[in-house]
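Colleague: See data04.cif below, with mmCIF, C-alpha atoms.
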```cif
data_query
loop_
_atom_site.label_atom_id
_atom_site.label_comp_id
_atom_site.auth_asym_id
_atom_site.auth_seq_id
_atom_site.Cartn_x
_atom_site.Cartn_y
_atom_site.Cartn_z
CA MET A 1371 28.60 -17.18 -42.52
CA GLU A 1372 29.48 -20.87 -42.33
CA GLY A 1373 32.26 -21.78 -39.94
CA SER A 1374 31.95 -18.57 -37.93
CA ALA A 1375 31.76 -18.86 -34.15
CA PRO A 1376 28.28 -18.43 -32.62
CA ALA A 1377 27.58 -15.14 -30.87
CA ALA A 1378 28.35 -15.15 -27.16
CA ALA A 1379 25.30 -15.46 -24.95
CA PRO A 1380 24.47 -12.34 -22.90
CA SER A 1381 25.38 -12.42 -19.27
CA PRO A 1382 22.61 -13.25 -16.73
CA LEU A 1383 22.48 -9.61 -15.65
CA VAL A 1384 21.94 -8.43 -19.24
CA LEU A 1385 19.26 -11.05 -19.71
CA SER A 1386 17.55 -9.84 -16.59
CA ASP A 1387 17.54 -6.25 -17.86
CA MET A 1388 16.23 -7.39 -21.25
CA HIS A 1389 13.38 -9.26 -19.60
CA LEU A 1390 12.50 -6.22 -17.55
CA GLU A 1391 12.51 -3.92 -20.57
CA GLU A 1392 10.21 -6.31 -22.45
CA ALA A 1393 7.92 -6.64 -19.42
CA HIS A 1394 7.55 -2.87 -19.12
CA GLY A 1395 7.20 -1.77 -22.72
CA GLY A 1396 10.89 -1.23 -23.42
CA GLU A 1397 11.22 1.62 -20.94
CA ASN A 1398 14.63 2.31 -19.49
CA LEU A 1399 15.57 0.68 -16.22
CA PRO A 1400 16.62 2.84 -13.25
CA GLU A 1401 20.29 3.80 -13.31
CA ARG A 1402 22.70 2.20 -10.91
CA GLY A 1403 24.76 4.13 -8.41
CA GLY A 1404 27.87 4.67 -10.52
CA VAL A 1405 31.26 2.97 -10.63
CA GLU A 1406 31.30 2.10 -6.92
CA ALA A 1407 27.92 0.35 -7.13
CA ASP A 1408 29.09 -1.66 -10.15
CA LYS A 1409 31.75 -3.23 -7.94
CA ALA A 1410 29.09 -4.71 -5.66
CA PRO A 1411 28.19 -8.41 -5.92
CA LYS A 1412 25.67 -9.21 -8.61
CA PHE A 1413 23.00 -10.22 -6.08
CA VAL A 1414 23.36 -6.93 -4.20
CA ARG A 1415 23.22 -4.88 -7.42
CA LYS A 1416 20.07 -6.66 -8.55
CA LEU A 1417 18.52 -6.21 -5.11
CA HIS A 1418 19.26 -2.48 -5.18
CA ASP A 1419 17.80 -2.11 -8.68
CA MET A 1420 14.70 -4.05 -7.65
CA VAL A 1421 13.92 -2.21 -4.42
CA SER A 1422 14.62 1.18 -6.08
CA ASN A 1423 12.28 0.50 -8.99
CA PRO A 1424 8.97 2.34 -8.41
CA ARG A 1425 7.18 -0.22 -10.59
CA PHE A 1426 7.51 -2.80 -7.84
CA GLU A 1427 6.82 -0.65 -4.77
CA GLN A 1428 3.56 -2.49 -4.13
CA HIS A 1429 5.58 -5.70 -3.71
CA ILE A 1430 8.96 -4.58 -2.32
CA CYS A 1431 10.13 -1.13 -1.29
CA TRP A 1432 12.24 0.90 1.11
CA THR A 1433 10.99 1.52 4.62
CA PRO A 1434 9.84 5.13 5.23
CA ALA A 1435 13.21 5.88 6.86
CA GLY A 1436 15.05 4.34 3.91
CA ASP A 1437 17.27 2.22 6.17
CA ALA A 1438 15.77 -1.19 5.30
CA ILE A 1439 13.73 -3.03 2.70
CA GLN A 1440 10.30 -4.48 3.27
CA ILE A 1441 8.44 -7.14 1.33
CA VAL A 1442 4.86 -5.95 1.24
CA ARG A 1443 3.13 -8.77 -0.63
CA PRO A 1444 5.29 -11.92 -0.33
CA MET A 1445 3.27 -14.20 -2.63
CA ALA A 1446 2.92 -11.64 -5.42
CA PHE A 1447 6.56 -10.60 -4.99
CA SER A 1448 7.86 -14.16 -5.33
CA HIS A 1449 5.79 -14.92 -8.43
CA GLU A 1450 5.81 -11.56 -10.26
CA VAL A 1451 9.10 -9.83 -9.35
CA LEU A 1452 11.69 -12.44 -8.35
CA PRO A 1453 11.65 -14.27 -11.73
CA LEU A 1454 12.49 -10.99 -13.51
CA TYR A 1455 15.75 -10.64 -11.59
CA PHE A 1456 16.78 -14.09 -10.34
CA ARG A 1457 14.95 -16.52 -12.65
CA HIS A 1458 13.19 -18.28 -9.80
CA SER A 1459 10.15 -17.69 -7.60
CA ASN A 1460 11.47 -19.21 -4.37
CA LEU A 1461 11.06 -16.68 -1.57
CA ARG A 1462 12.89 -18.92 0.91
CA SER A 1463 15.93 -19.09 -1.39
CA PHE A 1464 15.85 -15.30 -1.74
CA THR A 1465 15.77 -14.95 2.06
CA ARG A 1466 18.76 -17.29 2.41
CA GLN A 1467 20.69 -15.13 -0.05
CA LEU A 1468 19.89 -12.03 2.00
CA ASN A 1469 21.23 -13.76 5.11
CA MET A 1470 24.41 -14.81 3.28
CA TYR A 1471 25.12 -11.16 2.44
CA GLY A 1472 24.64 -9.99 6.02
CA PHE A 1473 21.03 -8.82 5.86
CA ARG A 1474 19.11 -9.38 9.08
CA ARG A 1475 15.42 -9.59 9.68
CA ARG A 1476 13.88 -6.80 11.72
CA ILE A 1477 10.60 -7.29 13.57
CA GLU A 1478 8.85 -3.92 13.51
CA ASN A 1479 5.65 -4.44 11.55
CA ALA A 1480 3.69 -7.70 11.68
CA ARG A 1481 2.24 -6.95 8.23
CA TYR A 1482 5.56 -6.72 6.35
CA THR A 1483 8.78 -8.73 6.21
CA THR A 1484 11.67 -6.33 6.81
CA PHE A 1485 15.41 -6.82 6.23
CA TYR A 1486 18.24 -4.38 6.89
CA HIS A 1487 21.97 -4.03 6.35
CA PRO A 1488 24.00 -1.10 7.72
CA ARG A 1489 25.47 -0.40 4.25
CA PHE A 1490 22.26 -0.86 2.28
CA ARG A 1491 20.35 2.42 2.47
CA ARG A 1492 18.22 4.49 0.14
CA GLY A 1493 20.20 7.20 -1.66
CA ASN A 1494 23.58 5.74 -0.63
CA SER A 1495 24.21 3.24 -3.40
CA LYS A 1496 28.01 3.63 -3.38
CA ASP A 1497 28.23 1.77 -0.05
CA ILE A 1498 26.73 -1.41 -1.50
CA ALA A 1499 30.16 -2.19 -3.01
CA MET A 1500 31.34 -2.87 0.55
CA ILE A 1501 28.74 -5.62 1.06
CA SER A 1502 30.21 -9.07 0.59
CA ARG A 1503 29.01 -12.61 1.00
CA ASN A 1504 29.62 -14.09 4.42
CA GLN A 1505 32.12 -16.91 4.76
CA VAL A 1506 30.01 -19.50 6.55
CA THR A 1507 31.98 -21.78 8.83
CA ALA A 1508 30.81 -25.08 10.25
CA ALA A 1509 30.28 -23.43 13.65
CA ASP A 1510 28.22 -20.63 12.11
CA ASP A 1511 26.18 -23.13 10.16
CA GLU A 1512 25.31 -24.93 13.40
CA LYS A 1513 24.27 -21.67 15.06
CA LYS A 1514 22.09 -20.53 12.18
CA PRO A 1515 19.06 -22.78 12.90
CA ALA A 1516 19.02 -21.51 16.49
CA VAL A 1517 19.06 -17.88 15.30
CA ASP A 1518 16.34 -18.56 12.74
CA MET A 1519 14.27 -20.34 15.40
CA HIS A 1520 14.69 -17.38 17.75
CA SER A 1521 13.47 -14.97 15.07
CA ALA A 1522 10.54 -17.23 14.21
CA LEU A 1523 9.55 -17.55 17.88
CA ALA A 1524 9.76 -13.78 18.33
CA ALA A 1525 7.51 -13.25 15.30
CA LEU A 1526 5.03 -15.87 16.52
CA ARG A 1527 5.00 -14.31 19.99
CA GLN A 1528 4.26 -10.90 18.52
CA GLN A 1529 1.46 -12.31 16.38
CA GLN A 1530 0.03 -14.13 19.40
CA GLU A 1531 0.02 -10.94 21.47
CA SER A 1532 -1.68 -9.04 18.65
CA MET A 1533 -4.29 -11.80 18.24
CA SER A 1534 -4.93 -11.96 21.99
CA ALA A 1535 -5.51 -8.21 22.11
CA HIS A 1536 -7.90 -8.49 19.16
CA ILE A 1537 -9.85 -11.36 20.78
CA GLU A 1538 -10.07 -9.47 24.07
CA ASP A 1539 -11.45 -6.44 22.23
CA VAL A 1540 -14.04 -8.64 20.45
CA PHE A 1541 -15.18 -10.18 23.76
CA TYR A 1542 -15.48 -6.71 25.29
CA ARG A 1543 -17.63 -5.52 22.39
CA LEU A 1544 -19.83 -8.63 22.58
CA ALA A 1545 -20.35 -8.18 26.33
CA ASN A 1546 -21.28 -4.54 25.75
CA VAL A 1547 -23.76 -5.52 23.01
CA GLU A 1548 -25.24 -8.24 25.23
CA MET A 1549 -25.76 -5.77 28.08
CA LYS A 1550 -27.45 -3.24 25.79
CA LEU A 1551 -29.61 -5.98 24.30
CA GLY A 1552 -30.73 -7.08 27.79
CA VAL A 1553 -31.74 -3.54 28.69
CA GLU A 1554 -33.67 -3.18 25.44
CA LEU A 1555 -35.48 -6.50 25.99
CA ASN A 1556 -36.44 -5.45 29.51
CA HIS A 1557 -37.88 -2.16 28.22
CA LEU A 1558 -39.74 -4.04 25.48
CA ALA A 1559 -41.28 -6.44 28.03
CA GLN A 1560 -42.47 -3.50 30.13
CA ARG A 1561 -44.06 -1.88 27.08
CA VAL A 1562 -45.87 -5.13 26.20
CA GLU A 1563 -47.27 -5.36 29.74
CA MET A 1564 -48.40 -1.72 29.58
CA LEU A 1565 -50.09 -2.41 26.25
CA ARG A 1566 -51.89 -5.49 27.62
CA TYR A 1567 -53.04 -3.50 30.67
CA SER A 1568 -54.37 -0.68 28.50
CA MET A 1569 -56.16 -3.07 26.14
CA ALA A 1570 -57.81 -4.84 29.10
CA ARG A 1571 -59.13 -1.55 30.48
CA ILE A 1572 -60.39 -0.46 27.07
CA SER A 1573 -62.25 -3.73 26.46
CA GLY A 1574 -63.88 -3.40 29.91
CA HIS A 1575 -64.44 -7.08 30.71
CA PRO A 1576 -67.16 -7.48 33.37
CA GLY A 1577 -65.93 -8.39 36.80
CA MET A 1578 -62.25 -7.73 35.88
CA GLN A 1579 -60.27 -6.23 38.69
CA TYR A 1580 -57.89 -3.53 37.62
CA GLY A 1581 -54.79 -3.21 39.62
CA PRO A 1582 -52.06 -0.63 39.30
CA PRO A 1583 -50.33 -0.40 35.92
CA PRO A 1584 -47.13 -2.42 35.48
CA GLN A 1585 -43.95 -0.67 36.49
#
```
Please, can you express the file's structure as structure tokens?
Modeller:
Amino acid sequence: MEGSAPAAAPSPLVLSDMHLEEAHGGENLPERGGVEADKAPKFVRKLHDMVSNPRFEQHICWTPAGDAIQIVRPMAFSHEVLPLYFRHSNLRSFTRQLNMYGFRRRIENARYTTFYHPRFRRGNSKDIAMISRNQVTAADDEKKPAVDMHSALAALRQQQESMSAHIEDVFYRLANVEMKLGVELNHLAQRVEMLRYSMARISGHPGMQYGPPPQ
């Protein structure tokens, strides 16, 4: 009808759910954790829905203990999952949001990126309402690069140790193969000499002196 007000646009959270339903054939999304969970910040609610959704467990999931989340395939996660919930594919921005809500990185598996929060656990969704965004002060903002650098150095050190152990194992295997190859070549040389000695005796060249067979 002319002159009527346009319909209000759905909230970002509703749009996110609509996109997910379309992406997965209109199936229902996993239920949230009740009234308490609905009081949590929007970012935390979306994060809980995302990590609890079995459709995305190949990209992001709970740790086996259920006390942290782990990003299994960062590139695929940022391009295939993040846009469904946050309308962007920037993994660094997502990580900054985690830090703002008190999530901390945990170095326990070099293959996965793991974050934890004491109130963000599998099967305990009511506690997520107690998670709030940190109030960053100027002093905290100055300390943050040092903390991030410390975490990055720790991760690099762990990767270096793992790579060093792998290289050492490769060198050990190569040395073992080289030793076995030397023994085999020595045996082959002895067999060739034995064959030449036998052929010389069979041919019976006149005047040829036959010594003892090669050792």
Colleague: May I ask for the distance between atom CA of A:Met1500 and atom CA of A:Pro1488, given in Å to one decimal place?
Modeller: 10.4 Å
Colleague: May I ask which of the residues A:Val1451, A:Met1420, A:Ile1441, A:Ile1501 is the closest one to A:Phe1485, counting only C-alpha atoms?
Modeller: A:Ile1441
Colleague: In terms of the shortest atom-to-atom distance over all atoms listed in the file, which of A:Met1533, A:Leu1551, A:Met1445, A:Ile1498 is closest to A:Arg1462?
Modeller: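 With all atoms listed in the file as the atom set, the closest residue is A:Met1445.
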Colleague: When you draw a straight line from atom CA of A:Thr1484 to atom CA of A:Ile1439, how long is it in Å?
Modeller: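 A separation of 5.7 Å between them.
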Colleague: Evaluate the PyMOL selection byres ((chain A and resi 1497) around 12) on the structure here and hand back the selected residues as a VMD selection string.
Modeller: chain A and resid 1403 to 1411 1414 to 1415 1418 1487 to 1496 1498 to 1502
Colleague: Just the number, please: distance in Å from atom CA of A:Ala1435 to atom CA of A:Asn1479, one decimal.
Modeller: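 Between these atoms lies a distance of 13.6 Å.
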